[in-house]
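Text of the file target_4.cif, holding mmCIF, C-alpha atoms (C1' of nucleotides):
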data_protein
#
loop_
_atom_site.label_atom_id
_atom_site.label_comp_id
_atom_site.auth_asym_id
_atom_site.auth_seq_id
_atom_site.Cartn_x
_atom_site.Cartn_y
_atom_site.Cartn_z
CA MET A 1 -50.41 -28.92 -22.59
CA PRO A 2 -48.81 -25.60 -21.65
CA GLN A 3 -45.31 -25.51 -20.23
CA ALA A 4 -45.24 -25.42 -16.42
CA PRO A 5 -44.17 -22.09 -15.00
CA LEU A 6 -40.62 -21.69 -13.78
CA LEU A 7 -39.28 -20.67 -10.40
CA ILE A 8 -35.72 -19.39 -10.64
CA VAL A 9 -34.07 -19.78 -7.25
CA LEU A 10 -31.11 -17.46 -6.88
CA THR A 11 -29.19 -17.74 -3.66
CA GLY A 12 -25.72 -17.73 -2.13
CA PRO A 13 -23.93 -16.57 0.99
CA THR A 14 -24.64 -13.16 2.46
CA ALA A 15 -22.89 -10.26 0.72
CA VAL A 16 -22.14 -12.27 -2.42
CA GLY A 17 -24.25 -9.93 -4.54
CA LYS A 18 -27.62 -11.67 -4.80
CA THR A 19 -29.81 -8.57 -4.69
CA SER A 20 -28.43 -6.71 -7.66
CA VAL A 21 -28.03 -9.82 -9.80
CA ALA A 22 -31.59 -10.87 -9.04
CA ILE A 23 -32.88 -7.46 -10.02
CA GLU A 24 -31.10 -7.49 -13.36
CA VAL A 25 -32.22 -11.03 -14.13
CA ALA A 26 -35.80 -10.17 -13.22
CA ARG A 27 -35.69 -7.07 -15.39
CA HIS A 28 -34.53 -9.09 -18.35
CA LEU A 29 -37.28 -11.62 -17.75
CA GLN A 30 -39.81 -8.89 -16.99
CA CYS A 31 -40.89 -10.78 -13.90
CA ASP A 32 -41.28 -10.12 -10.17
CA ILE A 33 -38.94 -10.97 -7.31
CA VAL A 34 -39.99 -12.97 -4.26
CA SER A 35 -37.61 -12.56 -1.34
CA ALA A 36 -36.57 -15.44 0.89
CA ASP A 37 -34.64 -13.47 3.45
CA SER A 38 -35.99 -14.05 6.94
CA ARG A 39 -34.74 -10.70 8.25
CA GLN A 40 -35.57 -8.44 5.35
CA PHE A 41 -39.20 -9.32 6.08
CA TYR A 42 -39.13 -6.73 8.86
CA ARG A 43 -39.76 -3.24 7.67
CA GLU A 44 -37.95 -1.68 10.62
CA LEU A 45 -34.66 -3.38 9.72
CA SER A 46 -33.00 -2.04 6.64
CA ILE A 47 -29.39 -1.02 7.22
CA GLY A 48 -28.41 -4.11 9.16
CA THR A 49 -30.12 -6.52 6.78
CA ALA A 50 -28.76 -4.92 3.62
CA ALA A 51 -32.32 -4.67 2.37
CA PRO A 52 -32.89 -3.55 -1.23
CA THR A 53 -32.78 0.23 -1.59
CA ASP A 54 -35.80 2.27 -2.61
CA ASP A 55 -34.36 2.53 -6.11
CA GLN A 56 -33.94 -1.21 -6.30
CA LEU A 57 -37.46 -1.80 -5.01
CA ARG A 58 -38.73 0.55 -7.68
CA ALA A 59 -36.78 -1.14 -10.46
CA VAL A 60 -38.52 -4.50 -9.99
CA LYS A 61 -41.64 -5.41 -8.06
CA HIS A 62 -40.53 -7.16 -4.85
CA HIS A 63 -42.61 -9.33 -2.56
CA PHE A 64 -41.86 -10.28 1.04
CA VAL A 65 -39.56 -7.36 1.76
CA GLY A 66 -40.68 -5.22 4.69
CA GLN A 67 -44.10 -6.85 4.92
CA LEU A 68 -43.76 -7.54 8.67
CA SER A 69 -43.21 -5.56 11.82
CA LEU A 70 -40.77 -6.72 14.50
CA GLU A 71 -43.44 -7.94 16.87
CA ASP A 72 -45.44 -9.88 14.27
CA PRO A 73 -45.34 -13.60 14.93
CA TYR A 74 -44.10 -15.40 11.88
CA ASP A 75 -42.60 -18.70 10.82
CA VAL A 76 -41.53 -20.66 7.80
CA SER A 77 -44.85 -22.46 7.49
CA LYS A 78 -46.77 -19.22 7.14
CA TYR A 79 -44.22 -18.08 4.65
CA GLU A 80 -44.63 -21.24 2.59
CA ALA A 81 -48.38 -20.84 2.43
CA GLU A 82 -48.22 -17.15 1.58
CA VAL A 83 -45.62 -17.59 -1.12
CA LEU A 84 -47.53 -20.42 -2.76
CA ASP A 85 -50.65 -18.26 -2.86
CA LEU A 86 -48.71 -15.42 -4.37
CA LEU A 87 -46.97 -17.62 -6.95
CA SER A 88 -50.27 -18.91 -8.24
CA VAL A 89 -51.23 -15.31 -8.94
CA LEU A 90 -47.89 -14.27 -10.41
CA PHE A 91 -47.67 -17.27 -12.70
CA LYS A 92 -50.94 -16.26 -14.31
CA LYS A 93 -49.28 -13.10 -15.57
CA ASN A 94 -45.77 -14.34 -16.21
CA PRO A 95 -44.23 -17.75 -16.86
CA CYS A 96 -41.42 -17.19 -14.40
CA VAL A 97 -40.55 -15.68 -11.03
CA VAL A 98 -37.20 -15.06 -9.37
CA LEU A 99 -36.98 -16.30 -5.77
CA THR A 100 -33.94 -14.84 -4.07
CA GLY A 101 -32.55 -14.67 -0.56
CA GLY A 102 -30.21 -16.47 1.76
CA SER A 103 -32.52 -18.26 4.17
CA GLY A 104 -32.10 -21.88 3.13
CA LEU A 105 -35.02 -23.29 5.07
CA TYR A 106 -37.37 -20.70 3.61
CA LEU A 107 -36.22 -21.39 0.07
CA GLN A 108 -36.64 -25.10 0.63
CA ALA A 109 -40.13 -24.60 2.01
CA VAL A 110 -41.13 -23.01 -1.29
CA TYR A 111 -39.67 -25.49 -3.73
CA ALA A 112 -39.87 -28.71 -1.68
CA GLY A 113 -42.54 -27.96 0.91
CA MET A 114 -42.80 -28.80 4.57
CA ASP A 115 -44.63 -31.63 6.28
CA SER A 116 -47.94 -30.30 7.43
CA LEU A 117 -48.32 -29.97 11.17
CA PRO A 118 -50.94 -28.44 13.42
CA ASP A 119 -50.23 -24.95 14.70
CA SER A 120 -48.26 -24.99 17.91
CA ASP A 121 -49.56 -23.65 21.18
CA PRO A 122 -47.52 -20.70 22.45
CA ARG A 123 -48.33 -21.64 26.04
CA ILE A 124 -46.82 -25.09 25.60
CA ARG A 125 -43.77 -23.58 23.96
CA GLN A 126 -43.35 -21.16 26.85
CA GLN A 127 -43.78 -23.89 29.43
CA LEU A 128 -41.17 -26.10 27.76
CA ARG A 129 -38.81 -23.18 27.47
CA GLU A 130 -39.08 -22.58 31.20
CA GLN A 131 -38.52 -26.23 31.96
CA PHE A 132 -35.36 -26.16 29.85
CA GLU A 133 -34.09 -22.99 31.49
CA ASN A 134 -34.85 -24.13 35.04
CA GLU A 135 -34.01 -27.81 34.87
CA GLY A 136 -31.52 -28.04 32.04
CA ILE A 137 -31.27 -29.98 28.84
CA ALA A 138 -31.27 -33.40 30.50
CA SER A 139 -34.80 -32.76 31.68
CA ILE A 140 -36.23 -32.10 28.23
CA ARG A 141 -34.22 -34.99 26.78
CA GLN A 142 -35.88 -37.37 29.20
CA LEU A 143 -39.27 -36.04 28.27
CA LEU A 144 -38.54 -36.54 24.59
CA ARG A 145 -37.31 -40.08 25.21
CA LYS A 146 -40.68 -40.81 26.74
CA LEU A 147 -42.89 -39.04 24.21
CA ASP A 148 -41.02 -39.82 20.97
CA PRO A 149 -38.35 -42.50 21.30
CA ASP A 150 -37.90 -42.68 17.52
CA TYR A 151 -37.02 -39.03 17.19
CA TYR A 152 -34.96 -39.23 20.37
CA SER A 153 -32.72 -41.79 18.68
CA THR A 154 -31.96 -39.58 15.69
CA VAL A 155 -32.17 -35.99 16.88
CA ASP A 156 -29.13 -33.94 17.90
CA LEU A 157 -29.52 -34.28 21.66
CA ALA A 158 -27.20 -31.35 22.29
CA ASN A 159 -29.45 -28.95 20.45
CA PRO A 160 -32.20 -27.56 22.70
CA ASN A 161 -34.12 -26.01 19.80
CA ARG A 162 -34.54 -29.37 18.09
CA ILE A 163 -35.74 -31.04 21.26
CA LEU A 164 -38.08 -28.23 22.24
CA ARG A 165 -39.68 -28.11 18.82
CA ALA A 166 -40.35 -31.85 18.86
CA LEU A 167 -41.77 -31.68 22.36
CA GLU A 168 -44.15 -28.87 21.60
CA VAL A 169 -45.60 -30.95 18.77
CA CYS A 170 -45.81 -34.09 20.90
CA MET A 171 -47.58 -32.27 23.69
CA GLY A 172 -49.79 -30.19 21.44
CA THR A 173 -51.02 -33.11 19.35
CA GLY A 174 -50.67 -36.10 21.63
CA ALA A 175 -48.79 -37.87 18.85
CA PRO A 176 -45.05 -38.29 18.40
CA PHE A 177 -43.33 -35.56 16.39
CA SER A 178 -41.70 -38.22 14.21
CA SER A 179 -45.12 -39.45 13.10
CA PHE A 180 -45.57 -36.17 11.21
CA ARG A 181 -42.19 -36.22 9.55
CA LYS A 182 -42.68 -37.70 6.12
CA SER A 183 -39.82 -35.84 4.49
CA ASN A 184 -41.45 -36.26 1.10
CA PRO A 185 -41.19 -33.32 -1.27
CA VAL A 186 -44.61 -31.83 -1.83
CA PRO A 187 -45.57 -31.78 -5.52
CA ARG A 188 -45.46 -28.34 -7.06
CA ASN A 189 -47.15 -27.14 -10.21
CA PHE A 190 -44.05 -25.25 -11.31
CA ASN A 191 -40.53 -26.23 -12.30
CA THR A 192 -37.55 -25.03 -10.33
CA ILE A 193 -34.02 -24.27 -11.30
CA LYS A 194 -31.55 -23.59 -8.51
CA ILE A 195 -28.64 -21.26 -9.00
CA GLY A 196 -26.09 -20.56 -6.28
CA LEU A 197 -23.76 -17.58 -6.39
CA ASP A 198 -20.34 -17.87 -4.82
CA LEU A 199 -16.96 -16.18 -4.74
CA PRO A 200 -13.50 -17.24 -3.60
CA ARG A 201 -13.64 -17.26 0.18
CA ALA A 202 -11.11 -14.46 0.68
CA GLU A 203 -13.02 -12.22 -1.68
CA LEU A 204 -16.30 -12.98 0.07
CA HIS A 205 -14.72 -12.13 3.42
CA ASN A 206 -13.42 -8.84 2.06
CA ARG A 207 -16.89 -7.98 0.82
CA ILE A 208 -18.45 -8.88 4.16
CA ASN A 209 -15.95 -6.81 6.14
CA ALA A 210 -16.35 -3.83 3.82
CA ARG A 211 -20.12 -4.07 3.92
CA VAL A 212 -20.18 -4.06 7.71
CA ASP A 213 -18.02 -0.93 7.74
CA GLN A 214 -20.44 0.63 5.27
CA MET A 215 -23.43 -0.30 7.46
CA ILE A 216 -21.79 1.45 10.39
CA ALA A 217 -21.15 4.50 8.22
CA ASP A 218 -24.78 4.39 7.11
CA GLY A 219 -26.03 4.55 10.69
CA LEU A 220 -26.46 0.97 11.88
CA VAL A 221 -25.63 1.96 15.46
CA ASP A 222 -28.61 4.33 15.59
CA GLU A 223 -30.87 1.83 13.88
CA ALA A 224 -30.01 -0.77 16.50
CA ARG A 225 -30.25 1.66 19.40
CA HIS A 226 -33.78 2.44 18.36
CA PHE A 227 -34.81 -1.18 19.01
CA TYR A 228 -32.69 -1.83 22.08
CA SER A 229 -35.77 -2.20 24.27
CA LEU A 230 -37.14 -4.89 21.94
CA ARG A 231 -33.98 -6.96 21.96
CA HIS A 232 -35.80 -10.00 23.34
CA LEU A 233 -37.69 -10.41 20.05
CA ASN A 234 -36.56 -13.21 17.78
CA ALA A 235 -36.45 -10.81 14.85
CA LEU A 236 -33.66 -8.97 16.65
CA ASN A 237 -31.66 -12.08 17.46
CA THR A 238 -29.78 -11.15 14.36
CA VAL A 239 -26.20 -10.52 13.35
CA GLY A 240 -25.54 -6.79 13.35
CA TYR A 241 -28.03 -6.04 16.11
CA LYS A 242 -27.26 -8.45 18.92
CA GLU A 243 -23.60 -7.39 18.99
CA LEU A 244 -24.57 -3.72 19.22
CA PHE A 245 -26.97 -4.53 22.06
CA ASP A 246 -23.96 -5.86 23.97
CA PHE A 247 -22.23 -2.57 23.27
CA PHE A 248 -25.22 -0.60 24.59
CA ASP A 249 -25.11 -2.79 27.71
CA GLY A 250 -21.55 -1.67 28.21
CA SER A 251 -20.21 -5.21 28.11
CA ILE A 252 -18.09 -4.63 24.99
CA SER A 253 -16.66 -1.63 23.18
CA LEU A 254 -18.02 -0.38 19.88
CA GLU A 255 -14.82 -1.47 18.19
CA VAL A 256 -15.20 -5.01 19.51
CA ALA A 257 -18.88 -5.05 18.57
CA ILE A 258 -18.02 -4.18 14.98
CA GLU A 259 -15.39 -6.91 14.84
CA LYS A 260 -17.92 -9.39 16.19
CA ILE A 261 -20.45 -8.38 13.57
CA LYS A 262 -17.87 -9.12 10.89
CA THR A 263 -16.92 -12.46 12.43
CA ASN A 264 -20.50 -13.56 12.93
CA THR A 265 -21.42 -12.53 9.40
CA ARG A 266 -18.54 -14.61 8.01
CA ARG A 267 -19.75 -17.57 10.05
CA TYR A 268 -23.28 -17.06 8.88
CA ALA A 269 -22.06 -17.12 5.28
CA ARG A 270 -20.24 -20.38 5.96
CA ARG A 271 -23.36 -21.98 7.45
CA GLN A 272 -25.36 -20.87 4.44
CA LEU A 273 -22.85 -22.53 2.10
CA THR A 274 -22.99 -25.74 4.14
CA TRP A 275 -26.74 -25.79 3.72
CA PHE A 276 -26.74 -25.08 -0.03
CA ARG A 277 -23.90 -27.48 -0.84
CA LYS A 278 -25.92 -30.37 0.46
CA ASP A 279 -28.44 -29.88 -2.36
CA LYS A 280 -26.72 -31.24 -5.46
CA GLU A 281 -29.26 -29.61 -7.75
CA PHE A 282 -27.66 -26.21 -7.33
CA ILE A 283 -25.71 -24.87 -10.27
CA TRP A 284 -22.93 -22.62 -9.02
CA CYS A 285 -21.71 -19.51 -10.72
CA GLN A 286 -20.12 -16.13 -10.13
CA PRO A 287 -22.34 -13.21 -9.09
CA SER A 288 -22.49 -11.94 -12.66
CA VAL A 289 -25.69 -11.18 -14.49
CA ASN A 290 -24.38 -12.64 -17.71
CA GLU A 291 -23.21 -15.85 -16.09
CA VAL A 292 -26.57 -16.33 -14.47
CA ILE A 293 -28.41 -15.69 -17.71
CA GLU A 294 -26.15 -18.10 -19.59
CA CYS A 295 -26.85 -20.61 -16.88
CA ILE A 296 -30.61 -20.25 -17.21
CA ILE A 297 -30.40 -20.59 -20.99
CA SER A 298 -28.13 -23.62 -20.73
CA LEU A 299 -30.70 -25.34 -18.56
CA GLU A 300 -33.02 -25.07 -21.52
CA ALA A 301 -35.50 -23.20 -19.48
CA ASP A 302 -37.88 -22.73 -22.33
CA GLY A 303 -41.08 -20.95 -21.61
CA CYS A 304 -39.41 -18.60 -19.21
CA ARG A 305 -38.99 -15.91 -21.81
CA SER A 306 -35.73 -17.24 -23.15
CA ASP A 307 -36.45 -14.96 -26.07
CA LEU A 308 -35.85 -12.06 -23.70
CA LEU A 309 -32.76 -13.65 -22.26
CA ASN A 310 -31.23 -14.28 -25.65
CA GLU A 311 -31.55 -10.60 -26.45
CA GLN A 312 -29.36 -9.91 -23.47
CA ARG A 313 -26.50 -12.15 -24.59
CA GLY A 314 -23.39 -10.19 -25.41
CA ASN A 315 -24.63 -7.18 -23.56
CA PRO A 316 -22.26 -7.27 -20.59
CA GLU A 317 -22.83 -3.99 -18.88
CA THR A 318 -24.42 -4.98 -15.62
CA GLU A 319 -22.55 -6.83 -12.95
CA GLY A 320 -23.70 -7.58 -9.45
CA GLN A 321 -22.52 -5.37 -6.64
CA ALA A 322 -24.46 -5.06 -3.45
CA ASP A 323 -26.29 -7.94 -1.91
"C1'" G B 1 27.89 1.60 13.78
"C1'" G B 2 27.55 -0.76 19.16
"C1'" U B 3 24.76 -3.44 22.93
"C1'" A B 4 20.44 -6.09 24.42
"C1'" U B 5 16.00 -8.69 23.56
"C1'" C B 6 12.94 -11.16 20.27
"C1'" G B 7 11.82 -14.21 15.61
"C1'" U B 8 7.12 -20.95 16.93
"C1'" A B 9 -0.20 -21.86 13.45
"C1'" G B 10 -3.68 -16.50 9.83
"C1'" C B 11 -3.03 -13.24 14.80
"C1'" U B 12 -1.34 -12.90 20.09
"C1'" C B 13 1.72 -16.02 22.65
"C1'" A B 14 3.24 -20.66 25.62
"C1'" G B 15 6.65 -24.75 25.44
"C1'" U B 16 10.33 -28.53 24.70
"C1'" C B 17 16.48 -29.27 31.33
"C1'" G B 18 17.97 -31.88 23.09
"C1'" G B 19 13.68 -37.12 21.07
"C1'" U B 20 10.01 -32.66 14.92
"C1'" A B 21 5.18 -28.75 19.41
"C1'" G B 22 0.03 -26.40 22.09
"C1'" A B 23 -3.42 -22.57 24.08
"C1'" G B 24 -6.81 -18.40 23.12
"C1'" C B 25 -8.81 -15.85 19.09
"C1'" A B 26 -9.44 -16.22 13.89
"C1'" A B 27 -10.45 -20.16 10.39
"C1'" U B 28 -12.42 -24.81 8.34
"C1'" G B 29 -15.96 -29.07 7.82
"C1'" G B 30 -20.78 -30.84 9.23
"C1'" A B 31 -26.03 -31.05 11.07
"C1'" C B 32 -30.67 -28.73 10.32
"C1'" U B 33 -38.71 -29.86 8.62
"C1'" G B 34 -43.06 -24.21 12.14
"C1'" A B 35 -37.09 -19.39 16.40
"C1'" A B 36 -33.16 -20.66 10.58
"C1'" A B 37 -28.96 -13.93 10.13
"C1'" A B 38 -31.62 -18.96 14.79
"C1'" U B 39 -29.67 -23.38 17.20
"C1'" C B 40 -26.09 -27.27 17.66
"C1'" C B 41 -21.66 -30.71 16.65
"C1'" A B 42 -16.65 -31.58 15.17
"C1'" U B 43 -11.58 -30.15 13.59
"C1'" G B 44 -4.78 -27.76 15.01
"C1'" U B 45 -4.09 -26.01 9.86
"C1'" G B 46 3.33 -25.52 11.43
"C1'" U B 47 10.05 -26.57 6.60
"C1'" C B 48 9.53 -23.74 15.31
"C1'" G B 49 13.42 -16.85 10.47
"C1'" C B 50 17.75 -18.71 7.11
"C1'" U B 51 22.39 -21.19 7.21
"C1'" G B 52 26.57 -23.82 9.18
"C1'" G B 53 28.48 -26.50 13.73
"C1'" U B 54 28.18 -29.95 18.02
"C1'" U B 55 25.16 -34.50 18.64
"C1'" C B 56 22.73 -41.02 17.29
"C1'" G B 57 19.20 -36.97 17.06
"C1'" A B 58 18.63 -29.60 17.09
"C1'" U B 59 12.80 -25.78 17.12
"C1'" C B 60 15.80 -25.87 21.80
"C1'" C B 61 22.97 -25.58 22.69
"C1'" C B 62 27.10 -22.69 19.75
"C1'" G B 63 28.64 -19.47 15.31
"C1'" G B 64 27.24 -16.55 11.11
"C1'" C B 65 23.45 -14.10 8.30
"C1'" C B 66 18.58 -11.74 7.73
"C1'" G B 67 14.45 -9.19 10.03
"C1'" A B 68 11.92 -6.53 14.21
"C1'" U B 69 12.11 -3.68 18.65
"C1'" A B 70 14.58 -0.93 22.55
"C1'" C B 71 18.63 1.63 24.36
"C1'" C B 72 23.61 3.74 23.44
"C1'" A B 73 26.36 6.51 19.85
#

Could you rewrite the structure in this file as structure tokens?
Amino acid sequence: MPQAPLLIVLTGPTAVGKTSVAIEVARHLQCDIVSADSRQFYRELSIGTAAPTDDQLRAVKHHFVGQLSLEDPYDVSKYEAEVLDLLSVLFKKNPCVVLTGGSGLYLQAVYAGMDSLPDSDPRIRQQLREQFENEGIASIRQLLRKLDPDYYSTVDLANPNRILRALEVCMGTGAPFSSFRKSNPVPRNFNTIKIGLDLPRAELHNRINARVDQMIADGLVDEARHFYSLRHLNALNTVGYKELFDFFDGSISLEVAIEKIKTNTRRYARRQLTWFRKDKEFIWCQPSVNEVIECIISLEADGCRSDLLNEQRGNPETEGQAD
RNA sequence: GGUAUCGUAGCUCAGUCGGUAGAGCAAUGGACUGAAAAUCCAUGUGUCGCUGGUUCGAUCCCGGCCGAUACCA
């Protein structure tokens, strides 16, 4: 029986250096990269999402970078289905694939799967949204208590998004949201190893702050201004853009907007780490190509071209830089 | 060199008529199943500049020292 293919998950907080490490690892393995970055999906956003450069995209075949436009409806379930389809193709050519990006839910959807649910009705979503905005959170809480008392007793009742999501399923299907939530990992026909990159917090913060300054120097203000009229889109409810929209409104200065981008990026990085830490299967290492390769070898990831990896041992020339 | 003011959390500051202190911002921890760079919850982290004195007790009152700022020379 042939060895199952291997998915190498490579993640970590924003700005830690995932992109360049992933590219080097993929080059050594001669495999493709699948991105799990929910904002690099949008082809219009490049500066503010620190998307891979053209050179980087040329160095290794990337998937799920710039495949969407800002107005395209998209969600994690679609992503899961599309990635699984793609992986079945990629694994025919190569025993391994690198999955990299910082969107924890999207990564999880690939390696653990989501409970299957019917598509939601945008009209119901809109109607619930209006009810929440007009009548407040108490109103949608009461509705949830009626339609799904089980979920009501466990959900974070202060979080409108949680409540609204459950309600749209209840109303769209006529069954309680909790009846769909099995929380069982979906079997996959590939193995997964999970590697998290991290740095001392102060160093990560320095990298974040410096990267934001670089984005501004690279023209982030113009990039954001270009999409000011589309600011209502979810794709633009994004660190680096929403703060600049406030600047264009005149409600804050450019200087304050830049500081807020840095602060919100630091907080985003912290939330990412909270998410990843919960999964004890992650192996943590520095954003160094050699450390990551040693890590993959140490996990005895046979079948994933460890012959190629071993050739790279003691060849420490490439270290991660940009994310 | 002289005079004055100030020195409290990472930052900006409040406060204690003497009983070891609290706001904003920053930060930290957590949650998360179809918006996830989203959304939500929780948390004060401190030799109160140093050193003597008075006092049962000093971050607070007094002296000295150090540092900062302003003005005068």

| request: Check which residues satisfy the PyMOL selection byres ((chain A) within 8 of (chain B)) in the file shown, then give them as a PyMOL selection string. | output: chain A and resi 38-39+75-78+103-105+114-115+117+119-120+156+158-162+181+183+234+237-239+265+268+274

| query | Within 8 Å of (14.4, -13.0, 13.3), all atoms listed in the file: residues as a ChimeraX atom specification? | reply | /B:6-7,49,66-68

| note | As a check of understanding: the span from atom CA of Cys295 of chain A to atom CA of Leu29 of chain A is 13.8 Å

| field | Picked residues, the PyMOL selection byres ((chain B and resi 64) around 10), as a PyMOL selection string | value | chain B and resi 51-52+63+65

| task | Would you work out the distance separating atom CA of Gln286 of chain A from atom CA of Arg270 of chain A, expressed in Å to one decimal? | result | 16.6 Å

| query | Do you have the atom CA of Leu68 of chain A-atom CA of Glu44 of chain A distance handy? | reply |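 Interatomic distance here is 8.5 Å.
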
| Got a sec: who's within 12 Å of Leu273 of chain A, counting all atoms listed in the file, leaving out chain neighbours fewer than 2 positions off, as a ChimeraX atom specification? | /A:11-14,16,102-104,196-199,201,204,266-271,275-279,282,284 /B:29-30

Could you dump the residues just selected with C-alpha atoms (C1' of nucleotides) as a tab-separated table (two decimals), in the frame of the given file?
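Generated output (selection-v3.tsv):
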chain	number	residue	atom	x	y	z
A	11	THR	CA	-29.19	-17.74	-3.66
A	12	GLY	CA	-25.72	-17.73	-2.13
A	13	PRO	CA	-23.93	-16.57	0.99
A	14	THR	CA	-24.64	-13.16	2.46
A	16	VAL	CA	-22.14	-12.27	-2.42
A	102	GLY	CA	-30.21	-16.47	1.76
A	103	SER	CA	-32.52	-18.26	4.17
A	104	GLY	CA	-32.10	-21.88	3.13
A	196	GLY	CA	-26.09	-20.56	-6.28
A	197	LEU	CA	-23.76	-17.58	-6.39
A	198	ASP	CA	-20.34	-17.87	-4.82
A	199	LEU	CA	-16.96	-16.18	-4.74
A	201	ARG	CA	-13.64	-17.26	0.18
A	204	LEU	CA	-16.30	-12.98	0.07
A	266	ARG	CA	-18.54	-14.61	8.01
A	267	ARG	CA	-19.75	-17.57	10.05
A	268	TYR	CA	-23.28	-17.06	8.88
A	269	ALA	CA	-22.06	-17.12	5.28
A	270	ARG	CA	-20.24	-20.38	5.96
A	271	ARG	CA	-23.36	-21.98	7.45
A	275	TRP	CA	-26.74	-25.79	3.72
A	276	PHE	CA	-26.74	-25.08	-0.03
A	277	ARG	CA	-23.90	-27.48	-0.84
A	278	LYS	CA	-25.92	-30.37	0.46
A	279	ASP	CA	-28.44	-29.88	-2.36
A	282	PHE	CA	-27.66	-26.21	-7.33
A	284	TRP	CA	-22.93	-22.62	-9.02
B	29	G	C1'	-15.96	-29.07	7.82
B	30	G	C1'	-20.78	-30.84	9.23
